[in-house]
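What follows is a single structure, written as structure tokens, with notes after it.
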Amino acid sequence: TFAAQGPCDHQGRSLRQFDLQTRLFKYPCSYLIYSDAFDALPDKLRERLYQRLFDILTGKDSGADFASIPGPTRQAVLEILRETKKGLPDYWKADKSRAAL
């Protein structure tokens with residue numbers, strides 16, 4: 001199935017999981033982050049995207065654009081990416097970086 005094609009974390013969570021009740025996907029981060037196209041982005045752009053995403057997921061960016069994403073959902077996406085996305089910057093790996101709940 002589509003959902004089974006993507007990597008899962010140790011809890012079986014994946015960015016490809018469907019919700020289909022309140023939105024299309026359960027986790028609000030595109031599974032295309034695993035694509036060759038994403039990995040082929042220029043280094044500076046990819047690093048900027050990683051920093052921005054990290055700031056959003058950890059609650060450092062608490063702007064109105066992302067206020068609707070609950071803390072537990074941010075934390076889940078952060079954990080999924082930490083376990084499944086190769087090549088994340090070192091600051092992503094710090095255990096103290098938890099989403100604001």
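Residue numbering restarts at 1 in every chain; chains get A, B, ... in the order shown in the structure tokens, and ligands count up from 1 in that same order.
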For Lys86 (chain A): contacts at 10 Å, only C-alpha atoms, fewer than 5 positions along chain excluded, given as a PDB file with N, CA and C atoms, in the first residue's frame:
ATOM      1  N   TYR A  34      11.744  12.827   1.790  1.00  0.00           N
ATOM      2  CA  TYR A  34      12.596  11.662   1.573  1.00  0.00           C
ATOM      3  C   TYR A  34      13.046  11.524   0.117  1.00  0.00           C
ATOM      4  N   ASP A  39      16.790  15.937  -1.575  1.00  0.00           N
ATOM      5  CA  ASP A  39      18.204  15.772  -1.237  1.00  0.00           C
ATOM      6  C   ASP A  39      19.122  16.484  -2.226  1.00  0.00           C
ATOM      7  N   LEU A  81      10.930  12.157  11.879  1.00  0.00           N
ATOM      8  CA  LEU A  81      12.041  12.593  11.032  1.00  0.00           C
ATOM      9  C   LEU A  81      13.390  12.236  11.641  1.00  0.00           C
TER      10      LEU A  81
END
Name the residues in contact with region 18-33 of chain A at a cut-off of 9 Å, using only C-alpha atoms, excluding same-chain residues fewer than 3 positions from it; report them as a list in words. Ala3, Gly6, Ser14, Leu15, Asp36, Ala37, Phe38, Asp39, Ile69, Thr73, Arg74, Ala76, Val77 and Lys85 of chain A
Write to file, as a tab-separated table (two decimals), in the first residue's frame, the residues of the selection just made, with C-alpha atoms.
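The new file selection17.tsv reads:
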chain	number	residue	atom	x	y	z
A	3	ALA	CA	1.38	4.08	3.44
A	6	GLY	CA	7.63	4.99	3.37
A	14	SER	CA	5.09	7.35	8.99
A	15	LEU	CA	4.63	10.61	7.09
A	36	ASP	CA	15.97	12.48	-4.29
A	37	ALA	CA	14.73	15.89	-5.45
A	38	PHE	CA	14.74	17.19	-1.87
A	39	ASP	CA	18.20	15.77	-1.24
A	69	ILE	CA	-0.49	22.44	14.75
A	73	THR	CA	1.66	16.49	16.48
A	74	ARG	CA	4.79	18.63	16.16
A	76	ALA	CA	5.49	13.22	16.54
A	77	VAL	CA	6.77	14.70	13.26
A	85	LYS	CA	15.39	10.99	7.56
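Closest approach to Thr1 (chain A) from the set A:Leu45, A:Glu83, A:Arg16, A:Gly63 is made by A:Arg16, with distances taken over only C-alpha atoms.
From CA of Lys93 (chain A) back to CA of Gln51 (chain A), the distance works out to 12.7 Å.
Distance check against Asp90 (chain A) using only C-alpha atoms: of A:Ser35, A:Thr58, A:Cys8, A:Tyr50, the minimum falls on A:Tyr50.
For region 58-98 of chain A, the set of residues given alpha helix (DSSP H) by DSSP on the backbone reads Thr58, Gly71, Pro72, Thr73, Arg74, Gln75, Ala76, Val77, Leu78, Glu79, Ile80, Leu81, Arg82, Glu83 and Thr84 of chain A.
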With C-alpha atoms retained, write the just-selected residues as an mmCIF file, in the first residue's frame.
data_model
loop_
_atom_site.group_PDB
_atom_site.id
_atom_site.type_symbol
_atom_site.label_atom_id
_atom_site.label_comp_id
_atom_site.auth_asym_id
_atom_site.auth_seq_id
_atom_site.Cartn_x
_atom_site.Cartn_y
_atom_site.Cartn_z
ATOM 1 C CA THR A 58 10.249 22.522 18.367
ATOM 2 C CA GLY A 71 2.331 20.296 20.259
ATOM 3 C CA PRO A 72 1.931 16.500 20.279
ATOM 4 C CA THR A 73 1.656 16.493 16.478
ATOM 5 C CA ARG A 74 4.790 18.633 16.161
ATOM 6 C CA GLN A 75 6.590 16.269 18.529
ATOM 7 C CA ALA A 76 5.490 13.223 16.536
ATOM 8 C CA VAL A 77 6.767 14.699 13.259
ATOM 9 C CA LEU A 78 10.050 15.636 14.937
ATOM 10 C CA GLU A 79 10.477 12.092 16.263
ATOM 11 C CA ILE A 80 9.531 10.487 12.942
ATOM 12 C CA LEU A 81 12.041 12.593 11.032
ATOM 13 C CA ARG A 82 14.798 12.031 13.586
ATOM 14 C CA GLU A 83 14.439 8.277 13.132
ATOM 15 C CA THR A 84 13.747 8.086 9.409
#
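One finds CA of Asp61 (chain A) at 18.8 Å from CA of Leu88 (chain A).
Between CA of Trp92 (chain A) and CA of Phe54 (chain A) there is a distance of 7.1 Å.
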